[in-house]
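Okay, query.pdb is below, PDB, C-alpha atoms and all ligand atoms:
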MODEL        1
ATOM      1  CA  MET X   1      10.460  19.342 -15.777
ATOM      2  CA  PRO X   2       9.112  21.908 -18.282
ATOM      3  CA  ARG X   3       6.677  24.419 -16.723
ATOM      4  CA  ALA X   4       3.710  23.310 -18.846
ATOM      5  CA  GLN X   5       4.111  19.751 -17.546
ATOM      6  CA  GLN X   6       4.416  20.930 -13.946
ATOM      7  CA  ILE X   7       1.123  22.805 -14.203
ATOM      8  CA  ARG X   8      -0.613  19.813 -15.776
ATOM      9  CA  SER X   9       0.618  17.424 -13.095
ATOM     10  CA  ARG X  10      -0.975  19.556 -10.382
ATOM     11  CA  SER X  11      -4.430  19.171 -11.931
ATOM     12  CA  ILE X  12      -4.587  15.522 -10.872
ATOM     13  CA  SER X  13      -4.151  14.143  -7.362
ATOM     14  CA  ALA X  14      -1.554  11.532  -6.623
ATOM     15  CA  SER X  15      -2.978   8.026  -6.140
ATOM     16  CA  PRO X  16      -1.514   4.521  -6.587
ATOM     17  CA  PHE X  17       0.368   4.098  -9.866
ATOM     18  CA  LEU X  18       0.322   0.296  -9.409
ATOM     19  CA  LYS X  19      -2.523  -2.136  -8.789
ATOM     20  CA  TRP X  20      -1.658  -3.938  -5.560
ATOM     21  CA  ALA X  21      -3.319  -6.772  -3.669
ATOM     22  CA  GLY X  22      -4.815  -5.503  -0.428
ATOM     23  CA  GLY X  23      -4.922  -1.896  -1.669
ATOM     24  CA  LYS X  24      -6.582   0.406   0.835
ATOM     25  CA  ASN X  25      -8.540   2.736  -1.477
ATOM     26  CA  GLN X  26     -11.939   1.599  -0.255
ATOM     27  CA  LEU X  27     -10.980   1.973   3.431
ATOM     28  CA  LEU X  28      -9.579   5.497   3.118
ATOM     29  CA  LYS X  29     -12.865   6.931   4.392
ATOM     30  CA  ASP X  30     -12.388   4.898   7.595
ATOM     31  CA  ILE X  31      -8.651   5.370   8.028
ATOM     32  CA  LEU X  32      -8.091   9.045   7.156
ATOM     33  CA  PRO X  33     -10.264  10.436   9.984
ATOM     34  CA  ARG X  34      -8.385   8.303  12.491
ATOM     35  CA  LEU X  35      -5.019   9.883  11.789
ATOM     36  CA  PRO X  36      -3.832  13.238  13.135
ATOM     37  CA  GLU X  37      -4.633  16.174  10.928
ATOM     38  CA  LYS X  38      -1.031  17.382  11.031
ATOM     39  CA  ILE X  39       1.700  14.771  11.074
ATOM     40  CA  SER X  40       5.376  15.618  11.497
ATOM     41  CA  VAL X  41       6.867  12.355  10.244
ATOM     42  CA  TYR X  42       4.676   9.703   8.594
ATOM     43  CA  TYR X  43       5.919   6.097   8.379
ATOM     44  CA  GLU X  44       4.405   3.363   6.242
ATOM     45  CA  PRO X  45       6.521   0.173   6.312
ATOM     46  CA  PHE X  46       4.216  -2.045   4.176
ATOM     47  CA  ILE X  47       3.711   0.465   1.373
ATOM     48  CA  GLY X  48       2.344  -1.824  -1.398
ATOM     49  CA  GLY X  49       0.365   0.414  -3.775
ATOM     50  CA  GLY X  50       0.485   3.244  -1.222
ATOM     51  CA  ALA X  51      -3.220   4.224  -1.262
ATOM     52  CA  LEU X  52      -3.077   5.858   2.176
ATOM     53  CA  PHE X  53       0.300   7.489   1.620
ATOM     54  CA  PHE X  54      -0.896   9.155  -1.601
ATOM     55  CA  ALA X  55      -4.182  10.265   0.012
ATOM     56  CA  LEU X  56      -2.331  11.844   2.958
ATOM     57  CA  ALA X  57       0.165  13.454   0.590
ATOM     58  CA  SER X  58      -2.667  14.932  -1.500
ATOM     59  CA  GLN X  59      -4.169  16.418   1.673
ATOM     60  CA  ARG X  60      -0.717  17.705   2.695
ATOM     61  CA  ARG X  61      -1.112  16.053   6.082
ATOM     62  CA  PHE X  62       2.575  15.236   6.750
ATOM     63  CA  LYS X  63       5.806  17.249   6.728
ATOM     64  CA  LYS X  64       8.039  14.303   6.023
ATOM     65  CA  ALA X  65       7.452  10.686   5.073
ATOM     66  CA  VAL X  66       9.409   7.443   5.212
ATOM     67  CA  ILE X  67       7.926   4.545   3.259
ATOM     68  CA  GLY X  68       9.208   1.016   2.818
ATOM     69  CA  ASP X  69       8.497  -2.515   1.704
ATOM     70  CA  ARG X  70      10.344  -5.810   1.660
ATOM     71  CA  ASN X  71       9.689  -6.205  -2.061
ATOM     72  CA  PRO X  72      12.814  -4.824  -3.834
ATOM     73  CA  VAL X  73      11.021  -4.594  -7.197
ATOM     74  CA  LEU X  74       8.357  -2.368  -5.685
ATOM     75  CA  VAL X  75      10.858  -0.141  -3.875
ATOM     76  CA  ASP X  76      12.846   0.178  -7.099
ATOM     77  CA  ALA X  77       9.657   1.364  -8.863
ATOM     78  CA  TYR X  78       8.892   4.020  -6.215
ATOM     79  CA  GLN X  79      12.443   5.318  -6.443
ATOM     80  CA  THR X  80      12.236   5.481 -10.241
ATOM     81  CA  VAL X  81       8.952   7.406 -10.134
ATOM     82  CA  ARG X  82      10.493   9.792  -7.603
ATOM     83  CA  ASP X  83      13.799  10.331  -9.404
ATOM     84  CA  ASP X  84      13.262   9.628 -13.103
ATOM     85  CA  VAL X  85       9.630  10.155 -14.001
ATOM     86  CA  GLU X  86      10.120  11.751 -17.432
ATOM     87  CA  ALA X  87      12.476   8.980 -18.580
ATOM     88  CA  LEU X  88       9.995   6.416 -17.268
ATOM     89  CA  ILE X  89       7.097   7.969 -19.209
ATOM     90  CA  GLU X  90       9.207   7.958 -22.356
ATOM     91  CA  GLN X  91      10.217   4.323 -21.824
ATOM     92  CA  LEU X  92       6.672   3.141 -21.084
ATOM     93  CA  GLY X  93       5.057   4.805 -24.133
ATOM     94  CA  PRO X  94       5.996   2.148 -26.722
ATOM     95  CA  HIS X  95       4.948  -0.704 -24.378
ATOM     96  CA  ALA X  96       1.550   0.900 -23.763
ATOM     97  CA  ALA X  97       0.690   0.412 -27.428
ATOM     98  CA  HIS X  98       0.743  -3.369 -26.789
ATOM     99  CA  ALA X  99      -1.614  -3.406 -23.793
ATOM    100  CA  THR X 100      -3.961  -6.019 -25.274
ATOM    101  CA  ASP X 101      -1.320  -8.155 -26.987
ATOM    102  CA  ALA X 102      -0.830 -11.463 -25.145
ATOM    103  CA  GLU X 103       2.240 -12.392 -27.164
ATOM    104  CA  TYR X 104       3.943  -9.108 -26.281
ATOM    105  CA  PHE X 105       3.004  -9.643 -22.607
ATOM    106  CA  TYR X 106       4.667 -13.058 -22.481
ATOM    107  CA  TRP X 107       7.712 -11.722 -24.330
ATOM    108  CA  MET X 108       8.045  -8.908 -21.770
ATOM    109  CA  ARG X 109       7.467 -11.318 -18.892
ATOM    110  CA  ALA X 110      10.289 -13.562 -20.120
ATOM    111  CA  LEU X 111      12.855 -10.719 -20.200
ATOM    112  CA  ASP X 112      15.456 -10.698 -17.436
ATOM    113  CA  PRO X 113      15.056  -7.432 -15.481
ATOM    114  CA  SER X 114      18.489  -7.778 -13.847
ATOM    115  CA  SER X 115      20.141  -6.853 -17.137
ATOM    116  CA  MET X 116      18.028  -3.679 -17.516
ATOM    117  CA  SER X 117      18.430  -0.110 -16.304
ATOM    118  CA  ARG X 118      16.208   1.017 -13.412
ATOM    119  CA  VAL X 119      13.933   2.944 -15.774
ATOM    120  CA  GLU X 120      13.611  -0.073 -18.116
ATOM    121  CA  ARG X 121      12.858  -2.377 -15.172
ATOM    122  CA  THR X 122      10.151  -0.076 -13.832
ATOM    123  CA  ALA X 123       8.557   0.382 -17.257
ATOM    124  CA  ARG X 124       8.409  -3.424 -17.568
ATOM    125  CA  LEU X 125       6.868  -3.732 -14.097
ATOM    126  CA  LEU X 126       4.208  -1.104 -14.814
ATOM    127  CA  PHE X 127       3.343  -2.747 -18.137
ATOM    128  CA  LEU X 128       3.052  -6.223 -16.570
ATOM    129  CA  ASN X 129       1.166  -4.879 -13.545
ATOM    130  CA  LYS X 130      -1.531  -3.215 -15.658
ATOM    131  CA  THR X 131      -1.933  -6.077 -18.115
ATOM    132  CA  CYS X 132      -1.555  -9.191 -15.942
ATOM    133  CA  PHE X 133      -4.341 -11.082 -14.192
ATOM    134  CA  ASN X 134      -5.819  -8.985 -11.340
ATOM    135  CA  GLY X 135      -2.699  -6.827 -11.051
ATOM    136  CA  LEU X 136      -1.110  -9.525  -8.937
ATOM    137  CA  PHE X 137       2.587  -9.524  -8.126
ATOM    138  CA  ARG X 138       3.823 -13.081  -7.767
ATOM    139  CA  VAL X 139       7.241 -14.574  -8.418
ATOM    140  CA  ASN X 140       8.471 -18.168  -8.567
ATOM    141  CA  ARG X 141      11.337 -19.647  -6.535
ATOM    142  CA  ARG X 142      13.849 -18.106  -8.882
ATOM    143  CA  GLY X 143      12.280 -14.685  -8.454
ATOM    144  CA  GLN X 144      10.704 -14.659 -11.930
ATOM    145  CA  PHE X 145       7.351 -12.921 -12.342
ATOM    146  CA  ASN X 146       4.813 -15.636 -13.219
ATOM    147  CA  VAL X 147       1.318 -14.094 -13.294
ATOM    148  CA  PRO X 148      -0.612 -14.840 -16.540
ATOM    149  CA  PHE X 149      -1.975 -12.314 -19.035
ATOM    150  CA  GLY X 150      -5.107 -10.501 -17.798
ATOM    151  CA  ARG X 151      -7.100 -10.191 -21.054
ATOM    152  CA  TYR X 152      -8.383  -6.682 -20.244
ATOM    153  CA  LYS X 153     -10.156  -4.883 -23.087
ATOM    154  CA  ASN X 154      -8.515  -1.499 -22.681
ATOM    155  CA  PRO X 155      -6.137  -1.273 -19.708
ATOM    156  CA  THR X 156      -4.479   2.071 -18.975
ATOM    157  CA  VAL X 157      -0.796   1.255 -19.011
ATOM    158  CA  LEU X 158       0.508   4.807 -19.207
ATOM    159  CA  ASN X 159      -1.010   7.770 -17.368
ATOM    160  CA  PRO X 160       1.659  10.485 -17.568
ATOM    161  CA  ASP X 161      -0.239  13.002 -15.415
ATOM    162  CA  LEU X 162      -0.719  10.473 -12.640
ATOM    163  CA  LEU X 163       2.956   9.447 -12.729
ATOM    164  CA  ARG X 164       4.002  13.111 -12.559
ATOM    165  CA  ALA X 165       1.627  13.779  -9.656
ATOM    166  CA  CYS X 166       3.061  10.744  -7.812
ATOM    167  CA  SER X 167       6.605  11.865  -8.552
ATOM    168  CA  GLU X 168       5.851  15.323  -7.207
ATOM    169  CA  VAL X 169       4.608  14.055  -3.836
ATOM    170  CA  LEU X 170       7.471  11.543  -3.601
ATOM    171  CA  GLN X 171      10.087  14.315  -3.736
ATOM    172  CA  GLY X 172      11.972  14.297  -0.436
ATOM    173  CA  VAL X 173      10.370  11.031   0.679
ATOM    174  CA  ASP X 174      12.716   8.419   2.103
ATOM    175  CA  ILE X 175      11.981   5.113   0.291
ATOM    176  CA  VAL X 176      13.577   2.114   1.959
ATOM    177  CA  GLU X 177      13.746  -1.565   1.134
ATOM    178  CA  GLY X 178      13.522  -4.019   4.002
ATOM    179  CA  ASP X 179      11.629  -5.569   6.845
ATOM    180  CA  PHE X 180       8.994  -3.491   8.657
ATOM    181  CA  GLU X 181      10.708  -3.699  12.015
ATOM    182  CA  ALA X 182      13.704  -1.518  11.158
ATOM    183  CA  LEU X 183      11.402   1.209   9.900
ATOM    184  CA  ALA X 184       8.966   0.906  12.830
ATOM    185  CA  GLU X 185      11.821   1.404  15.297
ATOM    186  CA  ARG X 186      12.315   4.895  13.912
ATOM    187  CA  ALA X 187       8.796   6.104  14.814
ATOM    188  CA  GLY X 188       8.967   8.236  17.951
ATOM    189  CA  PRO X 189       6.848  10.763  19.866
ATOM    190  CA  ASN X 190       4.554  12.844  17.586
ATOM    191  CA  ASP X 191       5.248  10.596  14.607
ATOM    192  CA  THR X 192       2.516   8.561  12.944
ATOM    193  CA  ILE X 193       2.851   5.050  11.588
ATOM    194  CA  TYR X 194       0.409   2.917   9.587
ATOM    195  CA  PHE X 195       0.932  -0.843   9.330
ATOM    196  CA  ASP X 196      -0.846  -2.715   6.532
ATOM    197  CA  PRO X 197       0.721  -6.189   6.566
ATOM    198  CA  PRO X 198      -0.259  -9.260   4.560
ATOM    199  CA  TYR X 199      -3.359 -10.294   6.498
ATOM    200  CA  VAL X 200      -3.823 -13.245   8.838
ATOM    201  CA  PRO X 201      -5.671 -15.694   6.532
ATOM    202  CA  LEU X 202      -9.293 -16.381   7.493
ATOM    203  CA  SER X 203      -8.950 -19.894   6.081
ATOM    204  CA  ALA X 204      -6.459 -21.863   4.005
ATOM    205  CA  THR X 205      -7.864 -20.444   0.730
ATOM    206  CA  SER X 206      -9.471 -17.201   1.801
ATOM    207  CA  SER X 207      -6.650 -14.696   1.616
ATOM    208  CA  PHE X 208      -3.903 -13.633  -0.666
ATOM    209  CA  THR X 209      -0.726 -13.221   1.379
ATOM    210  CA  ALA X 210       2.052 -14.302  -1.003
ATOM    211  CA  TYR X 211       3.387 -10.882  -2.048
ATOM    212  CA  ASP X 212       6.843 -12.301  -2.551
ATOM    213  CA  ARG X 213       8.790 -15.479  -1.847
ATOM    214  CA  HIS X 214       8.636 -15.015   1.923
ATOM    215  CA  PRO X 215       5.541 -16.060   3.817
ATOM    216  CA  PHE X 216       4.109 -13.733   6.472
ATOM    217  CA  GLY X 217       3.096 -16.269   9.098
ATOM    218  CA  ARG X 218       2.270 -16.448  12.780
ATOM    219  CA  SER X 219       5.727 -15.472  14.025
ATOM    220  CA  GLU X 220       5.762 -12.390  11.736
ATOM    221  CA  HIS X 221       2.342 -11.344  13.049
ATOM    222  CA  ALA X 222       3.526 -11.783  16.633
ATOM    223  CA  ARG X 223       6.675  -9.754  15.860
ATOM    224  CA  LEU X 224       4.483  -7.076  14.259
ATOM    225  CA  ALA X 225       2.203  -6.877  17.303
ATOM    226  CA  ARG X 226       5.302  -6.308  19.478
ATOM    227  CA  ALA X 227       6.569  -3.614  17.103
ATOM    228  CA  TYR X 228       3.126  -1.962  17.159
ATOM    229  CA  ARG X 229       3.053  -1.849  20.961
ATOM    230  CA  ALA X 230       6.634  -0.541  21.040
ATOM    231  CA  CYS X 231       5.626   2.367  18.764
ATOM    232  CA  LEU X 232       2.761   3.239  21.126
ATOM    233  CA  ALA X 233       5.113   3.020  24.108
ATOM    234  CA  ARG X 234       7.446   5.528  22.432
ATOM    235  CA  GLY X 235       4.543   7.948  22.026
ATOM    236  CA  ALA X 236       3.825   7.487  18.313
ATOM    237  CA  THR X 237       0.324   7.372  16.856
ATOM    238  CA  ALA X 238       0.003   3.864  15.415
ATOM    239  CA  LEU X 239      -2.721   2.404  13.215
ATOM    240  CA  LEU X 240      -2.850  -1.146  11.921
ATOM    241  CA  SER X 241      -5.127  -3.033   9.535
ATOM    242  CA  ASN X 242      -5.707  -6.763   9.587
ATOM    243  CA  SER X 243      -8.374  -9.375   9.041
ATOM    244  CA  ASP X 244     -11.017  -9.743  11.730
ATOM    245  CA  CYS X 245     -10.228 -13.084  13.315
ATOM    246  CA  GLU X 246      -9.374 -14.637  16.651
ATOM    247  CA  GLU X 247      -5.637 -14.503  16.042
ATOM    248  CA  THR X 248      -5.649 -10.755  15.317
ATOM    249  CA  ARG X 249      -7.868 -10.009  18.315
ATOM    250  CA  LYS X 250      -5.609 -12.062  20.580
ATOM    251  CA  LEU X 251      -2.481 -10.295  19.350
ATOM    252  CA  TYR X 252      -3.963  -6.835  19.995
ATOM    253  CA  ARG X 253      -5.821  -7.684  23.202
ATOM    254  CA  GLY X 254      -6.127  -4.661  25.478
ATOM    255  CA  LEU X 255      -5.922  -2.170  22.624
ATOM    256  CA  TRP X 256      -8.714  -0.277  20.892
ATOM    257  CA  VAL X 257      -9.904  -2.310  17.912
ATOM    258  CA  GLU X 258     -12.589  -1.178  15.436
ATOM    259  CA  THR X 259     -14.377  -3.290  12.840
ATOM    260  CA  VAL X 260     -14.721  -2.079   9.253
ATOM    261  CA  ALA X 261     -16.347  -3.759   6.259
ATOM    262  CA  ALA X 262     -14.369  -4.220   3.054
ATOM    263  CA  THR X 263     -14.882  -5.939  -0.270
ATOM    264  CA  ARG X 264     -11.918  -8.030  -1.193
ATOM    265  CA  ALA X 265     -11.371  -8.823  -4.860
ATOM    266  CA  ILE X 266      -8.272 -11.000  -4.663
ATOM    267  CA  ASN X 267      -9.225 -14.438  -3.454
ATOM    268  CA  VAL X 268      -8.096 -17.764  -4.791
ATOM    269  CA  VAL X 269     -11.709 -18.967  -4.806
ATOM    270  CA  ALA X 270     -13.683 -16.581  -7.051
ATOM    271  CA  SER X 271     -17.041 -17.454  -5.452
ATOM    272  CA  LYS X 272     -15.736 -16.319  -2.062
ATOM    273  CA  ARG X 273     -14.930 -12.777  -3.199
ATOM    274  CA  GLY X 274     -17.108 -10.283  -1.419
ATOM    275  CA  GLN X 275     -17.744  -8.461   1.830
ATOM    276  CA  VAL X 276     -15.449  -9.256   4.744
ATOM    277  CA  ASN X 277     -14.830  -7.655   8.092
ATOM    278  CA  GLU X 278     -11.434  -6.184   8.798
ATOM    279  CA  VAL X 279     -10.075  -4.563  11.915
ATOM    280  CA  LEU X 280      -8.332  -1.288  12.524
ATOM    281  CA  VAL X 281      -6.194  -1.230  15.640
ATOM    282  CA  VAL X 282      -6.180   2.422  16.631
ATOM    283  CA  GLY X 283      -4.136   2.531  19.811
ATOM    284  CA  ARG X 284      -4.732   2.337  23.509
ATOM    285  CA  ARG X 285      -8.266   1.760  24.758
ATOM    286  CA  GLN X 286      -8.371   4.897  26.885
ATOM    287  CA  SER X 287      -6.924   7.095  24.131
ATOM    288  CA  ALA X 288      -9.016   6.006  21.147
ATOM    289  CA  PRO X 289      -9.109   8.996  18.824
ATOM    290  CA  ALA X 290     -12.378  10.911  18.542
ATOM    291  CA  LEU X 291     -14.280   9.994  15.425
ATOM    292  CA  ARG X 292     -13.779  12.753  12.919
ATOM    293  CA  GLN X 293     -14.383  12.994   9.255
ATOM    294  CA  VAL X 294     -12.007  14.866   7.048
ATOM    295  CA  GLY X 295     -13.662  16.808   4.264
ATOM    296  CA  ALA X 296     -12.214  17.351   0.808
ATOM    297  CA  SER X 297     -10.515  20.467   2.152
ATOM    298  CA  GLY X 298      -8.582  18.337   4.628
ATOM    299  CA  HIS X 299     -10.348  19.968   7.624
ATOM    300  CA  ALA X 300     -11.763  17.722  10.293
ATOM    301  CA  VAL X 301     -15.486  17.881  11.014
ATOM    302  CA  THR X 302     -17.436  15.991  13.659
ATOM    303  CA  SER X 303     -19.490  13.144  12.284
ATOM    304  CA  SER X 304     -21.445  10.125  13.338
ATOM    305  CA  SER X 305     -19.604   7.082  12.117
ATOM    306  CA  SER X 306     -21.022   3.873  10.781
ATOM    307  CA  LEU X 307     -18.160   2.016  12.344
ATOM    308  CA  ARG X 308     -18.807  -0.496  15.041
ATOM    309  CA  ARG X 309     -16.426   0.068  17.914
ATOM    310  CA  SER X 310     -15.452  -3.067  19.697
ATOM    311  CA  ARG X 311     -13.054  -4.069  22.368
ATOM    312  CA  ALA X 312     -10.483  -6.660  21.564
ATOM    313  CA  ALA X 313     -11.633 -10.069  22.728
ATOM    314  CA  GLY X 314     -10.684 -10.807  26.292
TER     315      GLY X 314
HETATM  316  C1  LIG K 401      -1.364  -5.482   2.236
HETATM  317  S1  LIG K 401       0.021  -5.048   1.237
HETATM  318  C2  LIG K 401       0.020  -3.332   1.478
HETATM  319  C3  LIG K 401      -1.071  -2.689   0.677
HETATM  320  C4  LIG K 401      -1.006  -1.181   0.670
HETATM  321  N1  LIG K 401      -1.415  -0.603   1.922
HETATM  322  C5  LIG K 401      -1.849  -0.590  -0.465
HETATM  323  O1  LIG K 401      -2.691   0.299  -0.245
HETATM  324  O2  LIG K 401      -1.674  -1.028  -1.603
HETATM  325  C6  LIG K 401       1.367  -5.678   2.151
HETATM  326  C7  LIG K 401       2.764  -5.302   1.678
HETATM  327  O3  LIG K 401       3.691  -5.758   2.658
HETATM  328  C8  LIG K 401       4.903  -6.146   2.041
HETATM  329  N2  LIG K 401       5.616  -7.005   2.999
HETATM  330  C9  LIG K 401       5.447  -8.330   3.259
HETATM  331  N3  LIG K 401       6.258  -8.718   4.273
HETATM  332  C10 LIG K 401       6.942  -7.628   4.672
HETATM  333  C11 LIG K 401       7.903  -7.384   5.700
HETATM  334  N4  LIG K 401       8.326  -8.339   6.520
HETATM  335  N5  LIG K 401       8.367  -6.113   5.856
HETATM  336  C12 LIG K 401       7.960  -5.116   5.027
HETATM  337  N6  LIG K 401       7.050  -5.292   4.030
HETATM  338  C13 LIG K 401       6.537  -6.527   3.856
HETATM  339  C14 LIG K 401       4.458  -6.806   0.750
HETATM  340  O4  LIG K 401       5.500  -6.771  -0.205
HETATM  341  C15 LIG K 401       3.227  -5.939   0.363
HETATM  342  O5  LIG K 401       3.608  -4.919  -0.536
ENDMDL
END

I'd like the structure from this file rewritten - as structure tokens, please.
Ligand SMILES: C[S@@+](CC[C@H](N)C(=O)[O-])C[C@H]1O[C@@H](n2cnc3c(N)ncnc32)[C@H](O)[C@@H]1O
Amino acid sequence: MPRAQQIRSRSISASPFLKWAGGKNQLLKDILPRLPEKISVYYEPFIGGGALFFALASQRRFKKAVIGDRNPVLVDAYQTVRDDVEALIEQLGPHAAHATDAEYFYWMRALDPSSMSRVERTARLLFLNKTCFNGLFRVNRRGQFNVPFGRYKNPTVLNPDLLRACSEVLQGVDIVEGDFEALAERAGPNDTIYFDPPYVPLSATSSFTAYDRHPFGRSEHARLARAYRACLARGATALLSNSDCEETRKLYRGLWVETVAATRAINVVASKRGQVNEVLVVGRRQSAPALRQVGASGHAVTSSSSLRRSRAAG
């Protein structure tokens, strides 16, 4: 990368380059203080838009990171941003000029990504992601992206500085495609892992959990709870987000569970969008981390927290 570009990319912090359902931007203030200040290896097996990963990277909190997701299209995009950012910026430029053009959107949507290069595929994904309805990622049975046009007035399709900042922090990061369990098994003593799965739905219509063709149902949540406990047993610091409901509280019974308030924008029923409670499972009851707030400098300072601490039901 030319030196002038390198200097420019440092002026902006890395943050999600994709809109992603369930993004954790608004909960960063609750999650960041609950993670160790210095992390040797950071694992995030449900990376999605990567809000927490990018925040930790910007604060230089980890030495090494391993991120993953079951969605191959998403993993492909992270790898492209890491390995080929300048080619991606060049490829995306001409598409960005059509950000408000519905006809162009549907033409792009109809293209078959399997016949494209990795850079072309990622440019298409970024274009569709920024111009489709709510930034949703949804595919039909044949794996074809099927979200309608979003009708935004002036969406930012191409932000070269942001892409370069993301690429910079992704250097050396292991980006793996697959189920969370394989990645969770790698987290050992002194490592830190954050799980942000598709949430347990609060009702049949209340939550968006269809990130890809595979549902994330009861058996997946039970498997996840076992993987979470196994990480703790191996001595890792483990944090997990989920919806605040009986099923979650049952699964994490005996562990330290905190309640946080979030506003959720992606809901099938528009009138039900709004404030909901979520939980953060922060480890064993007796070893709940002290509440700390991390300032802009990345240093921890003692604070009184607005969080309600609560024991898991039972
Ligand atoms: C709630 S989102 C993560 C949001 C993310 N923390 C953010 O800030 O944008 C859940 C992610 O889990 C992924 N996923 C679903 N099932 C999975 C599985 N079995 N293993 C790994 N990832 C999975 C989805 O593709 C989706 O990207």

Fill in: Coordinates-based distance that separates CA of Arg223 (chain X) from CA of Cys245 (chain X) (Å, one decimal)
17.4 Å

Would you write out, as a PDB file with C-alpha atoms, keeping the file's coordinate frame, every residue that the PyMOL selection byres (((not hetatm)) within 6 of (chain K and resi 401)) captures in this file?
ATOM      1  CA  TRP X  20      -1.658  -3.938  -5.560  1.00  0.00           C
ATOM      2  CA  GLY X  22      -4.815  -5.503  -0.428  1.00  0.00           C
ATOM      3  CA  GLY X  23      -4.922  -1.896  -1.669  1.00  0.00           C
ATOM      4  CA  LYS X  24      -6.582   0.406   0.835  1.00  0.00           C
ATOM      5  CA  PRO X  45       6.521   0.173   6.312  1.00  0.00           C
ATOM      6  CA  PHE X  46       4.216  -2.045   4.176  1.00  0.00           C
ATOM      7  CA  ILE X  47       3.711   0.465   1.373  1.00  0.00           C
ATOM      8  CA  GLY X  48       2.344  -1.824  -1.398  1.00  0.00           C
ATOM      9  CA  GLY X  49       0.365   0.414  -3.775  1.00  0.00           C
ATOM     10  CA  GLY X  50       0.485   3.244  -1.222  1.00  0.00           C
ATOM     11  CA  ALA X  51      -3.220   4.224  -1.262  1.00  0.00           C
ATOM     12  CA  ASP X  69       8.497  -2.515   1.704  1.00  0.00           C
ATOM     13  CA  ARG X  70      10.344  -5.810   1.660  1.00  0.00           C
ATOM     14  CA  ASN X  71       9.689  -6.205  -2.061  1.00  0.00           C
ATOM     15  CA  GLY X 178      13.522  -4.019   4.002  1.00  0.00           C
ATOM     16  CA  ASP X 179      11.629  -5.569   6.845  1.00  0.00           C
ATOM     17  CA  PHE X 180       8.994  -3.491   8.657  1.00  0.00           C
ATOM     18  CA  ASP X 196      -0.846  -2.715   6.532  1.00  0.00           C
ATOM     19  CA  PRO X 197       0.721  -6.189   6.566  1.00  0.00           C
ATOM     20  CA  PRO X 198      -0.259  -9.260   4.560  1.00  0.00           C
ATOM     21  CA  TYR X 211       3.387 -10.882  -2.048  1.00  0.00           C
ATOM     22  CA  PHE X 216       4.109 -13.733   6.472  1.00  0.00           C
TER      23      PHE X 216
END

Item to complete: Find, counting all atoms listed in the file, the residue in X:Pro155, X:Gly135, X:Gly68, X:Pro148 that gets nearest to Ala96 (chain X).
Response: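 Among X:Pro155, X:Gly135, X:Gly68, X:Pro148, it is X:Pro155 that comes nearest to Ala96 (chain X).
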
Determine the axis-aligned bounding box of all atoms of region 155-161 of chain X present in the file, pad each side by 3 Å, and express its centre and edge lengths in Å to one decimal place as lines of an AutoDock Vina configuration file.
center_x = -2.2
center_y = 5.9
center_z = -17.6
size_x = 13.8
size_y = 20.3
size_z = 10.3

Practice prompt. Expand the PyMOL selection byres (((chain X and resi 128-133) around 6) and not hetatm) into the individual residues it matches in the shown file, reporting them as a ChimeraX atom specification.
Written response: /X:125-127,134-135,148-150,157

Fill in: Selected residue of minimal separation from Asn277 (chain X) among X:Leu27, X:Ala123, X:Ala225, X:Met116, counting all atoms listed in the file
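Going through X:Leu27, X:Ala123, X:Ala225, X:Met116 one by one, the smallest distance to Asn277 (chain X) is for X:Leu27.
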
Item to complete: Could you jot down the CA of Phe17 (chain X) to CA of Asp84 (chain X) separation for me, Å, one decimal place?
Response: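 So the answer is 14.4 Å.
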
Practice prompt. Pull out every residue that the PyMOL selection byres (((chain X and resi 186-188) around 12) and not hetatm) matches in the shown coordinates and put them as a ChimeraX atom specification.
Written response: /X:39-45,65-67,180-185,189-195,227-238

Worksheet entry | Close residues, Ala110 (chain X) itself excluded, 10 Å, all atoms listed in the file, min 4 positions apart in chain, as a VMD selection string | chain X and resid 104 to 106 144 to 146

Starting from the incomplete input, reconstruct N, CA and C atoms of region 63-70 of chain X and report them as an mmCIF file, in the coordinates of the input.
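Just written: out38.cif:
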data_model
loop_
_atom_site.group_PDB
_atom_site.id
_atom_site.type_symbol
_atom_site.label_atom_id
_atom_site.label_comp_id
_atom_site.auth_asym_id
_atom_site.auth_seq_id
_atom_site.Cartn_x
_atom_site.Cartn_y
_atom_site.Cartn_z
ATOM 1 N N LYS X 63 4.664 16.416 7.132
ATOM 2 C CA LYS X 63 5.806 17.249 6.728
ATOM 3 C C LYS X 63 6.847 16.409 6.027
ATOM 4 N N LYS X 64 7.023 15.189 6.561
ATOM 5 C CA LYS X 64 8.039 14.303 6.023
ATOM 6 C C LYS X 64 7.481 12.873 6.029
ATOM 7 N N ALA X 65 7.940 12.067 5.092
ATOM 8 C CA ALA X 65 7.452 10.686 5.073
ATOM 9 C C ALA X 65 8.592 9.710 4.806
ATOM 10 N N VAL X 66 8.469 8.539 5.441
ATOM 11 C CA VAL X 66 9.409 7.443 5.212
ATOM 12 C C VAL X 66 8.546 6.224 4.866
ATOM 13 N N ILE X 67 8.733 5.695 3.660
ATOM 14 C CA ILE X 67 7.926 4.545 3.259
ATOM 15 C C ILE X 67 8.858 3.374 2.941
ATOM 16 N N GLY X 68 8.338 2.166 3.077
ATOM 17 C CA GLY X 68 9.208 1.016 2.818
ATOM 18 C C GLY X 68 8.409 -0.224 2.486
ATOM 19 N N ASP X 69 9.109 -1.220 2.015
ATOM 20 C CA ASP X 69 8.497 -2.515 1.704
ATOM 21 C C ASP X 69 9.637 -3.511 1.574
ATOM 22 N N ARG X 70 9.307 -4.793 1.800
ATOM 23 C CA ARG X 70 10.344 -5.810 1.660
ATOM 24 C C ARG X 70 10.550 -6.196 0.202
#
